[in-house]
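Text of model-v7.cif (mmCIF, C-alpha atoms) as supplied:
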data_start
loop_
_atom_site.group_PDB
_atom_site.id
_atom_site.type_symbol
_atom_site.label_atom_id
_atom_site.label_comp_id
_atom_site.auth_asym_id
_atom_site.auth_seq_id
_atom_site.Cartn_x
_atom_site.Cartn_y
_atom_site.Cartn_z
ATOM 1 C CA GLU G 1 17.940 10.768 -44.558
ATOM 2 C CA GLY G 2 14.695 8.963 -43.722
ATOM 3 C CA ASP G 3 12.452 7.200 -43.070
ATOM 4 C CA CYS G 4 13.865 5.981 -39.728
ATOM 5 C CA ASP G 5 12.001 4.347 -36.878
ATOM 6 C CA SER G 6 14.672 4.595 -34.158
ATOM 7 C CA ASP G 7 18.193 5.929 -33.478
ATOM 8 C CA ALA G 8 19.547 2.416 -34.279
ATOM 9 C CA GLU G 9 18.696 2.996 -37.948
ATOM 10 C CA CYS G 10 20.900 6.154 -38.104
ATOM 11 C CA GLN G 11 24.690 6.391 -38.495
ATOM 12 C CA PRO G 12 26.809 7.160 -35.397
ATOM 13 C CA GLY G 13 26.325 10.720 -34.102
ATOM 14 C CA LEU G 14 22.834 10.918 -35.582
ATOM 15 C CA VAL G 15 19.442 10.433 -33.981
ATOM 16 C CA CYS G 16 16.030 9.665 -35.456
ATOM 17 C CA GLN G 17 13.716 12.722 -35.403
ATOM 18 C CA GLU G 18 10.156 11.507 -34.851
ATOM 19 C CA ARG G 19 7.615 13.713 -36.713
ATOM 20 C CA THR G 20 3.818 13.767 -36.953
ATOM 21 C CA GLY G 21 3.525 16.651 -39.379
ATOM 22 C CA ASP G 22 5.754 19.352 -40.904
ATOM 23 C CA GLU G 23 8.076 19.866 -37.937
ATOM 24 C CA PRO G 24 11.488 21.268 -38.978
ATOM 25 C CA VAL G 25 14.460 18.859 -38.912
ATOM 26 C CA PRO G 26 17.468 20.595 -37.185
ATOM 27 C CA GLY G 27 20.598 20.551 -39.328
ATOM 28 C CA CYS G 28 18.692 19.690 -42.523
ATOM 29 C CA ILE G 29 17.434 21.772 -45.459
ATOM 30 C CA GLY G 30 14.871 21.218 -48.186
ATOM 31 C CA ASP G 31 11.255 20.095 -47.979
ATOM 32 C CA ALA G 32 10.836 17.109 -45.697
ATOM 33 C CA LEU G 33 7.833 14.890 -46.289
ATOM 34 C CA PRO G 34 5.052 15.469 -43.736
ATOM 35 C CA GLY G 35 5.012 12.847 -41.016
ATOM 36 C CA GLU G 36 8.216 11.093 -42.119
ATOM 37 C CA ASP G 37 11.092 10.606 -39.624
ATOM 38 C CA TYR G 38 14.659 11.662 -40.516
ATOM 39 C CA CYS G 39 18.190 11.077 -39.138
ATOM 40 C CA ARG G 40 19.678 14.385 -37.925
ATOM 41 C CA PRO G 41 22.671 15.556 -35.876
ATOM 42 C CA ASP G 42 22.356 14.823 -32.180
ATOM 43 C CA VAL G 43 21.730 18.421 -31.046
ATOM 44 C CA PRO G 44 19.785 19.498 -27.962
ATOM 45 C CA VAL G 45 16.150 20.262 -28.709
ATOM 46 C CA THR G 46 14.870 23.418 -27.044
ATOM 47 C CA PRO G 47 11.329 22.856 -25.769
ATOM 48 C CA ALA G 48 8.658 25.281 -26.861
ATOM 49 C CA PRO G 49 8.054 28.009 -24.290
ATOM 50 C CA THR G 50 5.096 27.466 -21.990
ATOM 51 C CA PRO G 51 2.437 30.129 -22.625
ATOM 52 C CA PRO G 52 1.557 32.224 -19.572
ATOM 53 C CA VAL G 53 -1.641 31.247 -17.764
ATOM 54 C CA THR G 54 -4.222 34.010 -17.809
ATOM 55 C CA PRO G 55 -6.205 34.021 -14.554
ATOM 56 C CA PRO G 56 -9.998 34.236 -14.870
ATOM 57 C CA PRO G 57 -11.431 37.732 -14.490
ATOM 58 C CA THR G 58 -12.309 38.744 -10.941
ATOM 59 C CA LEU G 59 -16.010 39.504 -10.642
ATOM 60 C CA PRO G 60 -17.315 42.119 -8.220
ATOM 61 C CA PRO G 61 -18.797 40.612 -5.036
ATOM 62 C CA THR G 62 -22.376 41.408 -6.075
ATOM 63 C CA SER G 63 -22.189 39.744 -9.500
ATOM 64 C CA LEU G 64 -24.178 36.526 -9.892
ATOM 65 C CA GLN G 65 -21.791 33.564 -9.832
ATOM 66 C CA VAL G 66 -22.594 29.873 -10.237
ATOM 67 C CA VAL G 67 -19.956 28.219 -8.034
ATOM 68 C CA PHE G 68 -21.828 24.967 -7.370
ATOM 69 C CA SER G 69 -24.162 22.830 -9.423
ATOM 70 C CA GLY G 70 -25.607 19.397 -9.060
ATOM 71 C CA SER G 71 -27.297 17.491 -6.252
ATOM 72 C CA GLY G 72 -26.150 17.258 -2.667
ATOM 73 C CA GLU G 73 -24.503 19.931 -0.557
ATOM 74 C CA PRO G 74 -21.893 22.489 -1.721
ATOM 75 C CA PRO G 75 -18.411 22.004 -0.189
ATOM 76 C CA SER G 76 -18.845 25.240 1.798
ATOM 77 C CA PRO G 77 -21.768 27.624 2.446
ATOM 78 C CA LEU G 78 -22.584 29.815 -0.551
ATOM 79 C CA LEU G 79 -21.871 33.531 -0.193
ATOM 80 C CA GLU G 80 -24.035 36.449 -1.296
ATOM 81 C CA CYS G 81 -24.985 36.277 -5.004
ATOM 82 C CA GLN G 82 -23.558 32.739 -5.320
ATOM 83 C CA GLY G 83 -25.554 29.724 -6.541
ATOM 84 C CA ASP G 84 -26.937 27.240 -7.267
ATOM 85 C CA CYS G 85 -28.687 26.829 -3.881
ATOM 86 C CA ASP G 86 -31.623 24.539 -3.061
ATOM 87 C CA ASN G 87 -32.490 25.820 0.407
ATOM 88 C CA ASP G 88 -31.511 28.423 3.034
ATOM 89 C CA ALA G 89 -29.234 25.954 4.846
ATOM 90 C CA GLN G 90 -26.828 26.032 1.884
ATOM 91 C CA CYS G 91 -26.324 29.802 2.259
ATOM 92 C CA ASP G 92 -23.790 31.485 4.524
ATOM 93 C CA GLY G 93 -24.989 33.081 7.787
ATOM 94 C CA ASP G 94 -28.322 34.893 7.518
ATOM 95 C CA LEU G 95 -28.461 34.734 3.728
ATOM 96 C CA VAL G 96 -31.513 33.045 2.230
ATOM 97 C CA CYS G 97 -31.951 31.128 -1.015
ATOM 98 C CA PHE G 98 -33.808 33.191 -3.643
ATOM 99 C CA GLN G 99 -35.727 30.662 -5.764
ATOM 100 C CA ARG G 100 -36.110 31.540 -9.466
ATOM 101 C CA SER G 101 -38.259 29.891 -12.138
ATOM 102 C CA GLU G 102 -36.912 32.061 -14.951
ATOM 103 C CA ASN G 103 -34.624 35.135 -15.070
ATOM 104 C CA GLU G 104 -36.051 37.075 -12.118
ATOM 105 C CA SER G 105 -33.714 39.729 -10.676
ATOM 106 C CA VAL G 106 -31.946 38.675 -7.466
ATOM 107 C CA PRO G 107 -32.151 41.403 -4.766
ATOM 108 C CA GLY G 108 -28.778 43.080 -4.204
ATOM 109 C CA CYS G 109 -27.079 41.247 -7.083
ATOM 110 C CA THR G 110 -26.155 42.208 -10.649
ATOM 111 C CA GLY G 111 -25.467 40.371 -13.890
ATOM 112 C CA SER G 112 -27.300 37.524 -15.601
ATOM 113 C CA THR G 113 -26.965 33.769 -15.645
ATOM 114 C CA THR G 114 -28.818 30.571 -16.518
ATOM 115 C CA SER G 115 -32.612 30.788 -16.249
ATOM 116 C CA GLY G 116 -33.981 29.083 -13.144
ATOM 117 C CA THR G 117 -30.703 29.095 -11.182
ATOM 118 C CA ASP G 118 -31.190 30.001 -7.496
ATOM 119 C CA PHE G 119 -28.876 32.325 -5.548
ATOM 120 C CA CYS G 120 -28.129 33.232 -1.928
ATOM 121 C CA ALA G 121 -29.000 36.846 -1.126
ATOM 122 C CA VAL G 122 -29.813 39.270 1.677
ATOM 123 C CA ARG G 123 -33.486 39.535 2.639
ATOM 124 C CA ALA G 124 -33.626 42.959 4.291
ATOM 125 C CA THR G 125 -36.851 42.450 6.274
ATOM 126 C CA ALA G 126 -39.397 39.721 6.933
ATOM 127 C CA ASN G 127 -41.925 41.568 4.721
ATOM 128 C CA THR G 128 -39.580 42.025 1.751
ATOM 129 C CA ALA G 129 -41.089 40.371 -1.355
ATOM 130 C CA TRP G 130 -39.182 37.133 -1.844
ATOM 131 C CA LEU G 131 -39.440 34.104 -4.144
ATOM 132 C CA LYS G 132 -39.159 30.883 -2.116
ATOM 133 C CA GLY G 133 -40.495 28.302 -4.575
ATOM 134 C CA ASP G 134 -42.983 27.439 -7.303
ATOM 135 C CA ASN G 135 -45.704 24.794 -7.664
ATOM 136 C CA GLY G 136 -44.972 23.451 -4.180
ATOM 137 C CA ILE G 137 -41.240 22.966 -4.835
ATOM 138 C CA PRO G 138 -39.119 22.831 -2.734
ATOM 139 C CA ALA G 139 -41.616 21.180 -0.398
ATOM 140 C CA GLU G 140 -39.842 22.339 2.776
ATOM 141 C CA ASN G 141 -40.634 26.000 1.884
ATOM 142 C CA PHE G 142 -44.398 25.418 1.719
ATOM 143 C CA PRO G 143 -46.719 26.745 2.995
ATOM 144 C CA LEU G 144 -45.150 30.109 2.188
ATOM 145 C CA GLY G 145 -44.721 32.862 4.767
ATOM 146 C CA LEU G 146 -45.372 36.595 4.700
ATOM 147 C CA CYS G 147 -44.594 38.262 1.328
ATOM 148 C CA GLU G 148 -43.215 35.006 -0.088
ATOM 149 C CA GLY G 149 -44.040 33.577 -3.528
ATOM 150 C CA ASP G 150 -44.813 32.044 -5.905
ATOM 151 C CA CYS G 151 -48.185 30.874 -4.578
ATOM 152 C CA ASP G 152 -51.073 29.502 -6.634
ATOM 153 C CA SER G 153 -53.837 29.587 -4.010
ATOM 154 C CA ASP G 154 -54.456 30.497 -0.365
ATOM 155 C CA SER G 155 -53.630 26.903 0.589
ATOM 156 C CA ASN G 156 -50.008 27.603 -0.423
ATOM 157 C CA CYS G 157 -49.808 30.299 2.300
ATOM 158 C CA GLN G 158 -49.410 30.058 6.056
ATOM 159 C CA SER G 159 -52.390 30.659 8.356
ATOM 160 C CA GLY G 160 -53.693 34.236 8.267
ATOM 161 C CA LEU G 161 -52.250 34.917 4.800
ATOM 162 C CA VAL G 162 -53.868 34.918 1.372
ATOM 163 C CA CYS G 163 -52.375 34.481 -2.081
ATOM 164 C CA GLN G 164 -52.370 37.764 -4.046
ATOM 165 C CA GLN G 165 -52.852 36.914 -7.725
ATOM 166 C CA ARG G 166 -50.940 39.288 -10.033
ATOM 167 C CA THR G 167 -50.696 39.651 -13.810
ATOM 168 C CA GLY G 168 -48.181 42.514 -13.805
ATOM 169 C CA ASP G 169 -46.573 44.804 -11.227
ATOM 170 C CA GLU G 170 -49.571 45.281 -8.938
ATOM 171 C CA PRO G 171 -48.585 46.417 -5.391
ATOM 172 C CA ILE G 172 -48.794 43.823 -2.610
ATOM 173 C CA PRO G 173 -50.406 45.207 0.564
ATOM 174 C CA GLY G 174 -48.165 44.747 3.587
ATOM 175 C CA CYS G 175 -45.035 43.969 1.553
ATOM 176 C CA ILE G 176 -42.032 46.038 0.473
ATOM 177 C CA GLY G 177 -39.247 45.602 -2.078
ATOM 178 C CA VAL G 178 -39.404 44.839 -5.783
ATOM 179 C CA ALA G 179 -41.711 41.913 -6.521
ATOM 180 C CA ALA G 180 -41.150 39.882 -9.695
ATOM 181 C CA THR G 181 -43.568 40.857 -12.470
ATOM 182 C CA GLY G 182 -46.576 38.543 -12.668
ATOM 183 C CA GLU G 183 -45.557 36.410 -9.675
ATOM 184 C CA ASP G 184 -48.068 35.777 -6.876
ATOM 185 C CA TYR G 185 -47.242 36.406 -3.201
ATOM 186 C CA CYS G 186 -48.722 35.567 0.211
ATOM 187 C CA ARG G 187 -49.867 38.700 2.041
ATOM 188 C CA PRO G 188 -51.894 39.517 5.164
ATOM 189 C CA ALA G 189 -55.594 38.844 4.814
ATOM 190 C CA GLU G 190 -57.572 42.072 4.718
ATOM 191 C CA PRO G 191 -59.418 42.635 8.022
ATOM 192 C CA THR G 192 -63.175 42.184 7.889
ATOM 193 C CA THR G 193 -65.061 45.391 8.737
ATOM 194 C CA PRO G 194 -67.838 44.657 11.305
ATOM 195 C CA PRO G 195 -71.322 45.781 10.229
ATOM 196 C CA THR G 196 -72.602 49.109 11.603
ATOM 197 C CA PRO G 197 -75.458 48.452 14.070
ATOM 198 C CA GLN G 198 -78.802 50.027 13.195
ATOM 199 C CA PRO G 199 -80.331 52.504 15.705
ATOM 200 C CA THR G 200 -83.172 51.081 17.787
ATOM 201 C CA SER G 201 -86.448 52.754 18.717
ATOM 202 C CA SER G 202 -88.922 51.989 21.459
ATOM 203 C CA VAL G 203 -91.749 52.537 18.993
ATOM 204 C CA THR G 204 -90.437 51.326 15.626
ATOM 205 C CA PRO G 205 -88.808 47.897 15.568
ATOM 206 C CA PRO G 206 -85.385 47.787 13.956
ATOM 207 C CA VAL G 207 -85.420 47.214 10.245
ATOM 208 C CA THR G 208 -82.847 44.850 8.830
ATOM 209 C CA PRO G 209 -81.782 46.157 5.427
ATOM 210 C CA ASN G 210 -81.584 43.739 2.565
ATOM 211 C CA PRO G 211 -78.017 42.826 1.713
ATOM 212 C CA THR G 212 -76.660 44.856 -1.151
ATOM 213 C CA PRO G 213 -75.949 42.560 -4.069
ATOM 214 C CA PRO G 214 -72.478 42.779 -5.499
ATOM 215 C CA THR G 215 -72.206 45.344 -8.252
ATOM 216 C CA SER G 216 -70.563 44.765 -11.538
ATOM 217 C CA SER G 217 -68.615 47.133 -13.739
ATOM 218 C CA SER G 218 -68.615 47.435 -17.495
ATOM 219 C CA THR G 219 -64.815 47.647 -17.435
ATOM 220 C CA LEU G 220 -62.947 44.372 -17.981
ATOM 221 C CA GLN G 221 -61.413 43.179 -14.703
ATOM 222 C CA VAL G 222 -59.181 40.152 -14.044
ATOM 223 C CA VAL G 223 -60.123 39.158 -10.477
ATOM 224 C CA PHE G 224 -59.187 35.463 -10.591
ATOM 225 C CA ILE G 225 -56.273 33.564 -12.128
ATOM 226 C CA GLY G 226 -55.320 29.934 -11.874
ATOM 227 C CA SER G 227 -56.875 26.490 -12.017
ATOM 228 C CA GLY G 228 -60.000 25.399 -10.144
ATOM 229 C CA ASP G 229 -63.017 27.532 -9.319
ATOM 230 C CA PRO G 230 -62.978 31.175 -8.149
ATOM 231 C CA PRO G 231 -63.948 31.775 -4.483
ATOM 232 C CA SER G 232 -67.244 33.357 -5.606
ATOM 233 C CA PRO G 233 -69.114 33.564 -8.944
ATOM 234 C CA LEU G 234 -67.634 36.092 -11.337
ATOM 235 C CA LEU G 235 -69.733 39.175 -12.114
ATOM 236 C CA GLU G 236 -70.333 40.824 -15.482
ATOM 237 C CA CYS G 237 -67.049 41.773 -17.234
ATOM 238 C CA GLN G 238 -64.971 39.831 -14.682
ATOM 239 C CA GLY G 239 -62.523 37.034 -15.543
ATOM 240 C CA ASP G 240 -60.710 34.759 -15.949
ATOM 241 C CA CYS G 241 -63.513 32.188 -16.371
ATOM 242 C CA ASP G 242 -63.263 28.683 -17.793
ATOM 243 C CA ASN G 243 -66.963 27.829 -18.095
ATOM 244 C CA ASP G 244 -70.492 29.258 -17.565
ATOM 245 C CA ALA G 245 -70.741 27.670 -14.097
ATOM 246 C CA GLN G 246 -68.081 30.094 -12.838
ATOM 247 C CA CYS G 247 -70.243 33.124 -13.809
ATOM 248 C CA ASP G 248 -72.931 34.740 -11.638
ATOM 249 C CA GLY G 249 -76.607 34.086 -12.423
ATOM 250 C CA ASP G 250 -77.440 33.949 -16.132
ATOM 251 C CA LEU G 251 -74.059 35.304 -17.255
ATOM 252 C CA VAL G 252 -72.056 33.132 -19.644
ATOM 253 C CA CYS G 253 -68.314 32.752 -20.134
ATOM 254 C CA PHE G 254 -67.168 34.573 -23.293
ATOM 255 C CA GLN G 255 -64.177 32.570 -24.548
ATOM 256 C CA ARG G 256 -61.398 34.569 -26.300
ATOM 257 C CA SER G 257 -58.345 33.379 -28.196
ATOM 258 C CA GLU G 258 -56.863 36.864 -28.662
ATOM 259 C CA ASN G 259 -58.184 40.407 -27.918
ATOM 260 C CA GLU G 260 -61.794 40.023 -29.111
ATOM 261 C CA SER G 261 -64.264 42.594 -27.735
ATOM 262 C CA VAL G 262 -66.461 41.295 -24.897
ATOM 263 C CA PRO G 263 -70.177 42.199 -25.400
ATOM 264 C CA GLY G 264 -71.284 44.897 -22.960
ATOM 265 C CA CYS G 265 -67.792 45.483 -21.591
ATOM 266 C CA THR G 266 -65.120 48.113 -22.190
ATOM 267 C CA GLY G 267 -61.364 48.345 -21.723
ATOM 268 C CA SER G 268 -58.570 45.965 -22.649
ATOM 269 C CA THR G 269 -56.611 43.255 -20.854
ATOM 270 C CA THR G 270 -54.368 40.249 -21.463
ATOM 271 C CA SER G 271 -54.873 38.490 -24.790
ATOM 272 C CA GLY G 272 -56.829 35.238 -24.487
ATOM 273 C CA THR G 273 -58.407 35.993 -21.076
ATOM 274 C CA ASP G 274 -62.104 34.930 -20.854
ATOM 275 C CA PHE G 275 -64.837 37.052 -19.208
ATOM 276 C CA CYS G 276 -68.401 36.622 -17.924
ATOM 277 C CA ALA G 277 -70.927 38.634 -19.943
ATOM 278 C CA VAL G 278 -74.624 38.986 -20.805
ATOM 279 C CA ARG G 279 -75.742 36.941 -23.799
ATOM 280 C CA ALA G 280 -78.751 38.908 -25.036
#
Just dump the structure as structure tokens.
Amino acid sequence: EGDCDSDAECQPGLVCQERTGDEPVPGCIGDALPGEDYCRPDVPVTPAPTPPVTPPPTLPPTSLQVVFSGSGEPPSPLLECQGDCDNDAQCDGDLVCFQRSENESVPGCTGSTTSGTDFCAVRATANTAWLKGDNGIPAENFPLGLCEGDCDSDSNCQSGLVCQQRTGDEPIPGCIGVAATGEDYCRPAEPTTPPTPQPTSSVTPPVTPNPTPPTSSSTLQVVFIGSGDPPSPLLECQGDCDNDAQCDGDLVCFQRSENESVPGCTGSTTSGTDFCAVRA
């Protein structure tokens, strides 16, 4: 019988069964009202069995694993392929922090994880292509060293290095390993070839040849990427320009929103890139 609120409302030998739903009432038959409490025989109630705990799957050592997130220092140094790291000091031993801006592959590691998460990994050699930061962050990694990216200009690189601008998978002179597509890396500056001295004659004075002006090509070439001005005026069919002042001589900057043909130039390149050309 119900509805009871405590054992005191039941006859001797009975207890009040507290219910929140359609729990069965031991010793009683029929349809009990949901949530109502009933007096029943005082019998031991067997607790529901505890379901077994399934341990999380064990990942192979080289799978990317996020074992720490947030600010501050991780409780212990991060192992190979573990993240999220902010600097090399948070990695175990000689591991270094591989900085990612998107979903770049981490050398020596497999799997995928959140875009932009950074992981500790093995850098095989000092000239292995390696991402150490982006847009000057983290500040302690700039200027970048040999074969390190992502740089935006030569000023992001250490002395004696230059920033190699890339739009795809162009090789990086002096560097090995798999570089991230489209990322820019610091590499050794190309040595300057000294001019060949002209022969002298006791009769004919030496003739200094006029400097050969830079030649242009009719094939579209992307020789500069980024903000600011290129190191030298862009020649015919060269880009990426932002205005006429960045073009050589009387050339003008042909602005493109998609893959429009550039007058006087051939070939194809990235949609929306602007090129210097002759305006007849």
Pull out every residue that the PyMOL selection byres ((chain G and resi 75-89) around 7) matches in the shown coordinates and put them as a PyMOL selection string. chain G and resi 62-69+73-74+90-92+95-97+109+117-121
Length of the CA of Leu33 (chain G) to CA of Ala8 (chain G) vector [Å]: 20.9 Å
For the atom pair CA of Pro107 (chain G) and CA of Ala179 (chain G), what is the interatomic distance in Å to one decimal place?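 Spanning CA of Pro107 (chain G) to CA of Ala179 (chain G) is a straight-line distance of 9.7 Å.
Here CA of Cys276 (chain G) is placed at a distance of 18.6 Å from CA of Gln165 (chain G).
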Minimum-distance residue to Cys39 (chain G), chosen among G:Val178, G:Cys4, G:Val278, G:Val53 (using only C-alpha atoms):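 Looking at the shortest contact to Cys39 (chain G), the residue is G:Cys4.
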Show which residues sit within 7 Å of region 146-162 of chain G, as a list of chain:residue names. Count all atoms listed in the file, and ignore same-chain residues fewer than 5 positions away.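 Final neighbour list, sorted by chain and number: G:Asn127, G:Thr128, G:Ala129, G:Trp130, G:Leu131, G:Lys132, G:Gly133, G:Asp134, G:Cys175, G:Glu183, G:Asp184, G:Tyr185, G:Cys186, G:Arg187, G:Pro188, G:Ala189, G:Gly226.
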List every protein, DNA or RNA residue that has at least one atom no more than 9 Å from (-57.0, 50.3, -19.3) in the file's coordinates, counting only C-alpha atoms, and write the result as a PyMOL selection string. chain G and resi 219-220+266-269
Quick one: apply the PyMOL selection byres ((chain G and resi 221) around 12) to the file and drop the selected residues here as a compact mmCIF listing (two decimals) with C-alpha atoms, keeping the file's coordinate frame.
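As a result, part37.txt now contains:
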# COMPACT_ATOMS: atom_id res chain seq x y z
CA THR G 167 -50.70 39.65 -13.81
CA SER G 216 -70.56 44.76 -11.54
CA SER G 217 -68.61 47.13 -13.74
CA SER G 218 -68.61 47.44 -17.50
CA THR G 219 -64.82 47.65 -17.43
CA LEU G 220 -62.95 44.37 -17.98
CA VAL G 222 -59.18 40.15 -14.04
CA VAL G 223 -60.12 39.16 -10.48
CA PHE G 224 -59.19 35.46 -10.59
CA ILE G 225 -56.27 33.56 -12.13
CA LEU G 234 -67.63 36.09 -11.34
CA LEU G 235 -69.73 39.17 -12.11
CA GLU G 236 -70.33 40.82 -15.48
CA CYS G 237 -67.05 41.77 -17.23
CA GLN G 238 -64.97 39.83 -14.68
CA GLY G 239 -62.52 37.03 -15.54
CA ASP G 240 -60.71 34.76 -15.95
CA CYS G 241 -63.51 32.19 -16.37
CA VAL G 262 -66.46 41.30 -24.90
CA CYS G 265 -67.79 45.48 -21.59
CA THR G 266 -65.12 48.11 -22.19
CA GLY G 267 -61.36 48.34 -21.72
CA SER G 268 -58.57 45.96 -22.65
CA THR G 269 -56.61 43.26 -20.85
CA THR G 270 -54.37 40.25 -21.46
CA THR G 273 -58.41 35.99 -21.08
CA ASP G 274 -62.10 34.93 -20.85
CA PHE G 275 -64.84 37.05 -19.21
CA CYS G 276 -68.40 36.62 -17.92
CA ALA G 277 -70.93 38.63 -19.94
